[in-house]
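The file target-v4.cif comes next; it holds mmCIF, C-alpha atoms and all ligand atoms.
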```
data_input
loop_
_atom_site.group_PDB
_atom_site.id
_atom_site.type_symbol
_atom_site.label_atom_id
_atom_site.label_comp_id
_atom_site.auth_asym_id
_atom_site.auth_seq_id
_atom_site.Cartn_x
_atom_site.Cartn_y
_atom_site.Cartn_z
ATOM 1 C CA MET A 772 -2.648 -38.895 41.920
ATOM 2 C CA ALA A 773 -5.116 -40.110 39.338
ATOM 3 C CA PHE A 774 -4.316 -43.706 38.345
ATOM 4 C CA GLY A 775 -1.267 -43.536 40.670
ATOM 5 C CA ARG A 776 0.879 -43.121 37.620
ATOM 6 C CA LYS A 777 3.772 -41.196 39.146
ATOM 7 C CA LYS A 778 4.723 -44.157 41.263
ATOM 8 C CA HIS A 779 6.763 -45.964 38.639
ATOM 9 C CA LEU A 780 8.762 -43.157 37.065
ATOM 10 C CA ASP A 781 12.094 -44.542 35.968
ATOM 11 C CA ASN A 782 14.753 -42.076 34.811
ATOM 12 C CA GLU A 783 17.382 -44.627 33.834
ATOM 13 C CA SER A 784 16.628 -44.526 30.095
ATOM 14 C CA MET A 785 16.741 -40.719 30.014
ATOM 15 C CA LYS A 786 20.302 -40.883 31.336
ATOM 16 C CA ASN A 787 21.673 -43.952 29.617
ATOM 17 C CA GLY A 788 19.270 -44.679 26.794
ATOM 18 C CA VAL A 789 17.289 -47.859 26.293
ATOM 19 C CA LYS A 790 18.681 -51.320 25.709
ATOM 20 C CA LEU A 791 18.893 -52.307 22.055
ATOM 21 C CA ILE A 792 18.800 -56.039 22.451
ATOM 22 C CA THR A 793 17.850 -56.434 18.778
ATOM 23 C CA LEU A 794 21.343 -55.121 17.987
ATOM 24 C CA ALA A 795 23.250 -56.611 20.894
ATOM 25 C CA ASN A 796 21.727 -60.053 20.610
ATOM 26 C CA PRO A 797 19.579 -60.506 17.498
ATOM 27 C CA GLN A 798 19.281 -64.251 18.061
ATOM 28 C CA SER A 799 17.738 -63.940 21.517
ATOM 29 C CA VAL A 800 14.160 -64.838 22.313
ATOM 30 C CA ILE A 801 13.377 -61.209 23.078
ATOM 31 C CA SER A 802 14.701 -60.063 19.687
ATOM 32 C CA GLU A 803 12.474 -62.690 18.125
ATOM 33 C CA GLN A 804 9.552 -61.203 20.045
ATOM 34 C CA PHE A 805 10.364 -57.769 18.651
ATOM 35 C CA ARG A 806 10.423 -59.238 15.143
ATOM 36 C CA ASN A 807 7.013 -60.722 15.842
ATOM 37 C CA ILE A 808 5.738 -57.294 16.791
ATOM 38 C CA ARG A 809 7.132 -55.940 13.507
ATOM 39 C CA THR A 810 5.443 -58.726 11.568
ATOM 40 C CA ASN A 811 2.151 -58.066 13.298
ATOM 41 C CA ILE A 812 2.349 -54.392 12.428
ATOM 42 C CA ASN A 813 2.944 -55.317 8.774
ATOM 43 C CA PHE A 814 0.053 -57.719 8.970
ATOM 44 C CA MET A 815 -2.308 -54.823 9.744
ATOM 45 C CA ASN A 816 -1.675 -53.692 6.259
ATOM 46 C CA VAL A 817 -5.082 -54.706 5.006
ATOM 47 C CA ASP A 818 -6.933 -51.573 3.950
ATOM 48 C CA LYS A 819 -4.021 -49.269 3.480
ATOM 49 C CA GLU A 820 -0.297 -49.252 3.785
ATOM 50 C CA VAL A 821 0.934 -48.564 7.305
ATOM 51 C CA LYS A 822 3.832 -46.125 7.038
ATOM 52 C CA THR A 823 3.483 -43.826 10.025
ATOM 53 C CA ILE A 824 3.136 -45.350 13.465
ATOM 54 C CA ALA A 825 3.436 -44.137 17.034
ATOM 55 C CA PHE A 826 4.038 -45.914 20.281
ATOM 56 C CA THR A 827 2.334 -44.433 23.313
ATOM 57 C CA SER A 828 1.000 -45.597 26.647
ATOM 58 C CA ASP A 829 -1.380 -44.745 29.401
ATOM 59 C CA MET A 830 1.345 -43.515 31.738
ATOM 60 C CA ALA A 831 5.120 -43.079 31.899
ATOM 61 C CA SER A 832 7.772 -45.795 32.095
ATOM 62 C CA THR A 833 5.862 -48.632 30.468
ATOM 63 C CA GLY A 834 8.606 -49.321 27.930
ATOM 64 C CA LYS A 835 7.564 -47.130 24.967
ATOM 65 C CA SER A 836 11.096 -46.034 24.176
ATOM 66 C CA THR A 837 12.511 -49.539 24.506
ATOM 67 C CA VAL A 838 9.805 -51.024 22.323
ATOM 68 C CA SER A 839 9.775 -48.285 19.676
ATOM 69 C CA ALA A 840 13.576 -48.323 19.317
ATOM 70 C CA ASN A 841 13.832 -52.104 19.076
ATOM 71 C CA VAL A 842 10.914 -52.399 16.672
ATOM 72 C CA ALA A 843 12.463 -49.654 14.507
ATOM 73 C CA VAL A 844 15.747 -51.589 14.490
ATOM 74 C CA THR A 845 13.992 -54.779 13.360
ATOM 75 C CA MET A 846 12.242 -52.839 10.581
ATOM 76 C CA ALA A 847 15.597 -51.497 9.405
ATOM 77 C CA GLN A 848 17.107 -54.970 9.662
ATOM 78 C CA ALA A 849 14.324 -56.197 7.388
ATOM 79 C CA GLY A 850 15.475 -53.709 4.769
ATOM 80 C CA LYS A 851 12.905 -50.981 5.329
ATOM 81 C CA LYS A 852 14.230 -47.474 5.202
ATOM 82 C CA THR A 853 13.148 -46.348 8.660
ATOM 83 C CA ILE A 854 13.258 -43.163 10.690
ATOM 84 C CA LEU A 855 12.775 -43.160 14.456
ATOM 85 C CA ILE A 856 11.610 -39.885 15.964
ATOM 86 C CA ASP A 857 11.800 -38.947 19.632
ATOM 87 C CA ALA A 858 8.632 -36.960 20.168
ATOM 88 C CA ASP A 859 8.465 -37.515 23.914
ATOM 89 C CA LEU A 860 9.727 -34.025 24.583
ATOM 90 C CA ARG A 861 9.269 -34.340 28.322
ATOM 91 C CA ARG A 862 11.291 -37.518 28.756
ATOM 92 C CA PRO A 863 13.547 -37.875 25.709
ATOM 93 C CA THR A 864 15.793 -40.950 25.373
ATOM 94 C CA LEU A 865 16.823 -41.347 21.750
ATOM 95 C CA HIS A 866 20.104 -39.380 21.972
ATOM 96 C CA PRO A 867 21.562 -41.424 24.848
ATOM 97 C CA THR A 868 20.325 -44.630 23.217
ATOM 98 C CA PHE A 869 22.340 -43.944 20.064
ATOM 99 C CA ASN A 870 24.952 -41.855 21.821
ATOM 100 C CA VAL A 871 24.505 -38.773 19.658
ATOM 101 C CA SER A 872 24.220 -35.080 20.449
ATOM 102 C CA ASN A 873 20.820 -33.555 21.101
ATOM 103 C CA SER A 874 21.790 -29.956 20.434
ATOM 104 C CA ASN A 875 19.614 -30.110 17.324
ATOM 105 C CA GLY A 876 16.558 -32.237 16.822
ATOM 106 C CA LEU A 877 12.814 -32.287 16.315
ATOM 107 C CA THR A 878 12.276 -29.056 18.239
ATOM 108 C CA THR A 879 14.869 -27.305 16.062
ATOM 109 C CA LEU A 880 12.840 -28.175 12.984
ATOM 110 C CA LEU A 881 9.530 -27.244 14.567
ATOM 111 C CA THR A 882 10.746 -23.847 15.718
ATOM 112 C CA SER A 883 12.517 -22.972 12.491
ATOM 113 C CA ARG A 884 10.771 -20.066 10.928
ATOM 114 C CA GLY A 885 12.130 -20.693 7.464
ATOM 115 C CA LYS A 886 9.628 -21.622 4.807
ATOM 116 C CA GLU A 887 11.497 -24.733 3.788
ATOM 117 C CA MET A 888 12.250 -27.170 6.573
ATOM 118 C CA ASP A 889 15.607 -28.731 5.932
ATOM 119 C CA ALA A 890 15.049 -31.911 7.850
ATOM 120 C CA SER A 891 18.117 -33.580 6.419
ATOM 121 C CA SER A 892 20.438 -31.244 8.324
ATOM 122 C CA VAL A 893 19.038 -32.443 11.654
ATOM 123 C CA ILE A 894 18.341 -36.109 10.945
ATOM 124 C CA ARG A 895 21.241 -38.366 11.897
ATOM 125 C CA GLU A 896 22.434 -41.764 10.891
ATOM 126 C CA SER A 897 22.008 -44.236 13.731
ATOM 127 C CA GLY A 898 24.891 -46.510 12.867
ATOM 128 C CA VAL A 899 22.352 -49.199 11.975
ATOM 129 C CA GLU A 900 21.901 -49.750 8.277
ATOM 130 C CA ASN A 901 18.582 -48.313 7.009
ATOM 131 C CA LEU A 902 17.845 -46.566 10.304
ATOM 132 C CA SER A 903 17.906 -42.780 10.660
ATOM 133 C CA ILE A 904 17.106 -40.959 13.866
ATOM 134 C CA LEU A 905 15.624 -37.613 14.795
ATOM 135 C CA THR A 906 16.349 -36.782 18.424
ATOM 136 C CA ALA A 907 14.037 -34.600 20.505
ATOM 137 C CA GLY A 908 16.184 -31.469 20.432
ATOM 138 C CA PRO A 909 16.343 -28.825 23.178
ATOM 139 C CA ILE A 910 13.298 -29.073 25.410
ATOM 140 C CA PRO A 911 10.978 -26.106 24.940
ATOM 141 C CA PRO A 912 8.657 -24.643 27.571
ATOM 142 C CA ASN A 913 5.662 -25.444 25.367
ATOM 143 C CA PRO A 914 6.095 -29.012 24.071
ATOM 144 C CA SER A 915 2.386 -29.596 23.487
ATOM 145 C CA GLU A 916 2.038 -26.528 21.325
ATOM 146 C CA LEU A 917 5.029 -27.449 19.187
ATOM 147 C CA LEU A 918 3.899 -31.011 18.596
ATOM 148 C CA SER A 919 0.352 -29.933 17.825
ATOM 149 C CA SER A 920 1.516 -27.444 15.231
ATOM 150 C CA LYS A 921 0.931 -27.748 11.514
ATOM 151 C CA HIS A 922 4.715 -27.846 11.205
ATOM 152 C CA MET A 923 4.715 -31.266 12.824
ATOM 153 C CA LEU A 924 2.111 -32.634 10.416
ATOM 154 C CA ASP A 925 3.999 -31.154 7.483
ATOM 155 C CA LEU A 926 7.203 -32.761 8.716
ATOM 156 C CA ILE A 927 5.567 -36.184 8.932
ATOM 157 C CA GLU A 928 4.287 -35.748 5.373
ATOM 158 C CA VAL A 929 7.774 -34.886 4.149
ATOM 159 C CA LEU A 930 9.326 -37.864 5.947
ATOM 160 C CA LYS A 931 6.689 -40.206 4.563
ATOM 161 C CA GLN A 932 7.988 -39.493 1.077
ATOM 162 C CA GLU A 933 11.567 -40.219 2.116
ATOM 163 C CA TYR A 934 11.170 -43.300 4.287
ATOM 164 C CA ASP A 935 9.322 -46.605 4.177
ATOM 165 C CA MET A 936 8.505 -46.373 7.874
ATOM 166 C CA VAL A 937 8.171 -43.406 10.224
ATOM 167 C CA VAL A 938 8.213 -44.580 13.853
ATOM 168 C CA ILE A 939 7.403 -42.082 16.596
ATOM 169 C CA ASP A 940 7.999 -42.394 20.337
ATOM 170 C CA LEU A 941 5.254 -40.317 21.929
ATOM 171 C CA ALA A 942 4.564 -39.095 25.455
ATOM 172 C CA PRO A 943 1.931 -40.995 27.462
ATOM 173 C CA ILE A 944 -1.533 -40.098 26.383
ATOM 174 C CA LEU A 945 -2.801 -39.280 29.879
ATOM 175 C CA ASP A 946 0.066 -36.841 30.448
ATOM 176 C CA ALA A 947 0.277 -35.042 27.126
ATOM 177 C CA GLY A 948 -2.556 -33.455 25.223
ATOM 178 C CA GLU A 949 -0.719 -33.465 21.916
ATOM 179 C CA THR A 950 -0.410 -37.246 21.797
ATOM 180 C CA GLN A 951 -4.083 -37.740 21.097
ATOM 181 C CA GLN A 952 -4.097 -35.091 18.423
ATOM 182 C CA LEU A 953 -0.998 -36.404 16.696
ATOM 183 C CA THR A 954 -2.026 -40.034 16.609
ATOM 184 C CA SER A 955 -5.156 -39.112 14.687
ATOM 185 C CA SER A 956 -2.942 -38.040 11.778
ATOM 186 C CA LEU A 957 -0.949 -41.275 11.683
ATOM 187 C CA ASP A 958 -1.678 -44.627 10.065
ATOM 188 C CA GLY A 959 -1.638 -46.378 13.403
ATOM 189 C CA THR A 960 -0.939 -46.250 17.110
ATOM 190 C CA ILE A 961 0.349 -49.010 19.339
ATOM 191 C CA LEU A 962 -0.197 -48.887 23.066
ATOM 192 C CA VAL A 963 2.596 -50.182 25.238
ATOM 193 C CA VAL A 964 1.161 -51.605 28.415
ATOM 194 C CA ARG A 965 3.362 -52.734 31.248
ATOM 195 C CA GLN A 966 1.747 -55.644 32.876
ATOM 196 C CA ALA A 967 2.980 -55.002 36.386
ATOM 197 C CA HIS A 968 2.456 -51.207 36.379
ATOM 198 C CA SER A 969 -0.394 -50.283 34.114
ATOM 199 C CA GLN A 970 -3.819 -50.039 35.634
ATOM 200 C CA LYS A 971 -6.932 -51.194 33.905
ATOM 201 C CA LEU A 972 -8.714 -47.896 34.371
ATOM 202 C CA ALA A 973 -5.813 -45.878 32.988
ATOM 203 C CA VAL A 974 -5.448 -48.121 29.927
ATOM 204 C CA LYS A 975 -9.172 -47.925 29.339
ATOM 205 C CA ARG A 976 -9.068 -44.137 29.530
ATOM 206 C CA ALA A 977 -6.127 -44.041 27.106
ATOM 207 C CA VAL A 978 -8.102 -46.147 24.630
ATOM 208 C CA GLU A 979 -11.108 -43.868 25.001
ATOM 209 C CA LEU A 980 -8.998 -40.799 24.318
ATOM 210 C CA LEU A 981 -7.498 -42.383 21.204
ATOM 211 C CA LYS A 982 -10.936 -43.279 19.948
ATOM 212 C CA LEU A 983 -12.221 -39.766 20.553
ATOM 213 C CA THR A 984 -9.886 -38.497 17.850
ATOM 214 C CA ASN A 985 -10.494 -41.509 15.597
ATOM 215 C CA SER A 986 -6.919 -42.689 15.993
ATOM 216 C CA THR A 987 -6.368 -46.170 14.613
ATOM 217 C CA ILE A 988 -5.217 -48.508 17.383
ATOM 218 C CA LEU A 989 -3.180 -51.198 15.671
ATOM 219 C CA GLY A 990 -2.702 -53.218 18.826
ATOM 220 C CA TYR A 991 -1.010 -53.495 22.176
ATOM 221 C CA VAL A 992 2.409 -54.506 23.229
ATOM 222 C CA MET A 993 2.205 -56.175 26.598
ATOM 223 C CA ASN A 994 5.589 -55.465 28.092
ATOM 224 C CA ASP A 995 7.137 -57.281 31.021
ATOM 225 C CA VAL A 996 4.812 -60.213 30.635
ATOM 226 C CA ASP A 997 5.418 -63.015 33.125
ATOM 227 C CA ALA A 998 8.804 -61.746 34.229
ATOM 228 C CA ASP A 999 10.498 -64.962 35.228
ATOM 229 C CA GLY A 1000 13.746 -63.980 36.826
ATOM 230 C CA ASP A 1001 15.967 -64.061 33.736
ATOM 231 C CA GLY A 1002 16.352 -60.313 33.590
ATOM 232 C CA GLY A 1003 12.700 -59.535 33.612
ATOM 233 C CA TYR A 1004 12.188 -58.795 29.940
ATOM 234 C CA GLY A 1005 9.346 -60.279 28.070
ATOM 235 C CA TYR A 1006 7.426 -58.846 25.196
ATOM 236 C CA GLY A 1007 4.314 -60.107 23.633
ATOM 237 C CA TYR A 1008 2.028 -58.465 21.167
ATOM 238 C CA GLY A 1009 -1.289 -58.190 22.912
ATOM 239 C CA TYR A 1010 -4.066 -58.743 20.469
ATOM 240 C CA GLY A 1011 -7.389 -57.103 20.954
ATOM 241 C CA TYR A 1012 -8.436 -55.990 24.346
ATOM 242 C CA GLY A 1013 -6.652 -57.982 26.956
ATOM 243 C CA TYR A 1014 -7.721 -55.633 29.660
ATOM 244 C CA GLY A 1015 -11.232 -56.847 29.947
ATOM 245 C CA TYR A 1016 -12.882 -55.047 27.084
ATOM 246 C CA GLY A 1017 -14.929 -58.096 26.330
ATOM 247 C CA GLU A 1018 -17.600 -56.266 24.435
ATOM 248 C CA GLU A 1019 -14.988 -54.677 22.184
ATOM 249 C CA LYS A 1020 -13.429 -57.996 21.462
ATOM 250 C CA GLU A 1021 -16.683 -59.269 20.091
ATOM 251 C CA LYS A 1022 -17.341 -56.280 17.937
ATOM 252 C CA LYS A 1023 -13.878 -56.148 16.492
ATOM 253 C CA GLY A 1024 -11.476 -58.578 14.964
ATOM 254 C CA LEU A 1025 -8.269 -59.866 16.395
ATOM 255 C CA PHE A 1026 -6.405 -56.694 15.640
ATOM 256 C CA GLY A 1027 -8.980 -54.243 16.816
ATOM 257 C CA ARG A 1028 -10.413 -53.782 13.349
ATOM 258 C CA LYS A 1029 -14.066 -53.894 12.586
ATOM 259 C CA LYS A 1030 -15.030 -57.178 11.025
HETATM 260 N N1 LIG A 1101 10.312 -55.751 30.020
HETATM 261 C C1 LIG A 1101 11.100 -55.049 30.814
HETATM 262 N N2 LIG A 1101 11.707 -55.654 31.854
HETATM 263 C C2 LIG A 1101 12.526 -54.939 32.652
HETATM 264 N N3 LIG A 1101 12.796 -53.634 32.521
HETATM 265 C C3 LIG A 1101 12.211 -52.983 31.510
HETATM 266 C C4 LIG A 1101 11.330 -53.649 30.596
HETATM 267 N N4 LIG A 1101 10.902 -52.742 29.677
HETATM 268 C C5 LIG A 1101 11.472 -51.568 30.026
HETATM 269 N N5 LIG A 1101 12.261 -51.721 31.105
HETATM 270 C C6 LIG A 1101 13.015 -50.662 31.787
HETATM 271 O O1 LIG A 1101 12.066 -49.737 32.306
HETATM 272 C C7 LIG A 1101 12.530 -48.394 32.166
HETATM 273 C C8 LIG A 1101 11.527 -47.605 31.337
HETATM 274 O O2 LIG A 1101 11.567 -48.091 29.996
HETATM 275 P P1 LIG A 1101 11.401 -47.085 28.783
HETATM 276 O O3 LIG A 1101 12.279 -45.913 28.956
HETATM 277 O O4 LIG A 1101 11.503 -47.875 27.544
HETATM 278 O O5 LIG A 1101 9.883 -46.677 29.036
HETATM 279 P P2 LIG A 1101 9.074 -45.392 28.547
HETATM 280 O O6 LIG A 1101 7.638 -45.791 28.564
HETATM 281 O O7 LIG A 1101 9.642 -44.881 27.302
HETATM 282 O O8 LIG A 1101 9.341 -44.397 29.731
HETATM 283 P P3 LIG A 1101 9.107 -42.797 29.715
HETATM 284 O O9 LIG A 1101 7.664 -42.603 29.976
HETATM 285 O O10 LIG A 1101 9.994 -42.320 30.809
HETATM 286 O O11 LIG A 1101 9.509 -42.290 28.365
HETATM 287 C C9 LIG A 1101 13.918 -48.498 31.540
HETATM 288 O O12 LIG A 1101 14.869 -48.438 32.551
HETATM 289 C C10 LIG A 1101 13.910 -49.857 30.852
HETATM 290 O O13 LIG A 1101 15.190 -50.419 30.755
HETATM 291 MG MG MG A 1102 10.387 -43.002 26.813
#
```

If you took the structure in this file and wrote it as structure tokens, what would it be?
Amino acid sequence: MAFGRKKHLDNESMKNGVKLITLANPQSVISEQFRNIRTNINFMNVDKEVKTIAFTSDMASTGKSTVSANVAVTMAQAGKKTILIDADLRRPTLHPTFNVSNSNGLTTLLTSRGKEMDASSVIRESGVENLSILTAGPIPPNPSELLSSKHMLDLIEVLKQEYDMVVIDLAPILDAGETQQLTSSLDGTILVVRQAHSQKLAVKRAVELLKLTNSTILGYVMNDVDADGDGGYGYGYGYGYGYGYGEEKEKKGLFGRKK
């Protein structure tokens, strides 16, 4: 298997959702790390306002859903009206995370043939103040097609008017063609890299694919950094190109922006 990426598939979060430590224990060091990630994302706001962001990765099970959900919670906690969208139609997790039904969701909106998309009928409250959620919905046979549709871009435009932040959990870029296409329409993309699992070559390829569509890479979240036996969680915001893209680092600033 290219990049050996099937080795680390973990289905736990699809069954039971991801851990929302930012809700369960906001004072913990890890919650503080998620707030740092939020702050760093805000800090990118140099040329234009960052309102639509996606989290993706090279391969599956790097922590995208955990990171996107916790970062969305910290945004809501900071008073930003936020919507979190589960657009990983192959491995959805948002409904078990917030313990809501998935009988309707993103796919319901994307397959609706009506002229007006009534997003509000499908979007749910999360139970967290300022945070709304849009679950994946029933899994279609053609997830790539649905997510690449103009409907999806229209939906993001509509949500942008309604919310301060639109946060999207996307399928891994090496597994899903639509990811690359979608990220090019957003203000920024953040790659979640799992230190122990991700392979240099795969991360490099993911970056290349994002660049091919002129997607703006806001930065990296290095997940599982220096797991030290206290539960294994550790999040750091990886600045620049920690995977040996030395030449890139010189050309670009700390946050992957051209100087
Ligand atoms: N830093 C960490 N330390 C220990 N376990 C972690 C860490 N980050 C994530 N996990 C666990 O790894 C599994 C995968 O995490 P998560 O579902 O967030 O990843 P994902 O990239 O969204 O996966 P998928 O590709 O399946 O959507 C989950 O069981 C989660 O609890
Ligand atoms: Mg996921």

Residue nearest ligand LIG 1101 (chain A) - candidates A:Asp925, A:Asp995, A:Asp889, A:Asp935, atoms counted: all atoms listed in the file: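 Of A:Asp925, A:Asp995, A:Asp889, A:Asp935, the one nearest ligand LIG 1101 (chain A) is A:Asp995, counting all atoms listed in the file.
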
Nearest-residue call for ligand MG 1102 (chain A), choices A:Ile927, A:Ile988, A:Ala831, A:Val842, using all atoms listed in the file: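 Closest residue, counting all atoms listed in the file: A:Ala831.
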
Nearest-residue call for ligand MG 1102 (chain A), choices A:Lys835, A:His968, A:Lys786, A:Lys975, using only C-alpha atoms and all ligand atoms: A:Lys835

Contacts with ligand LIG 1101 (chain A) at most 6 Å, all atoms listed in the file counted, listed as a ChimeraX atom specification: /A:781,783-784,789,831-837,862,994-995,1003-1005

Test item: residues at most 8 Å from segment 953-967 of chain A, only C-alpha atoms, excluding those fewer than 2 positions along its chain, as a VMD selection string: chain A and resid 820 to 829 833 to 835 838 918 to 919 924 949 to 951 969 974 981 984 to 996

Atom-to-atom span, atom CA of Glu803 of chain A and atom CA of Pro867 of chain A, Å: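 Straight-line distance from atom CA of Glu803 of chain A to atom CA of Pro867 of chain A works out to 24.1 Å.
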
Atom pair atom CA of Asn913 of chain A / atom CA of Ala843 of chain A: separation (Å): 27.4 Å
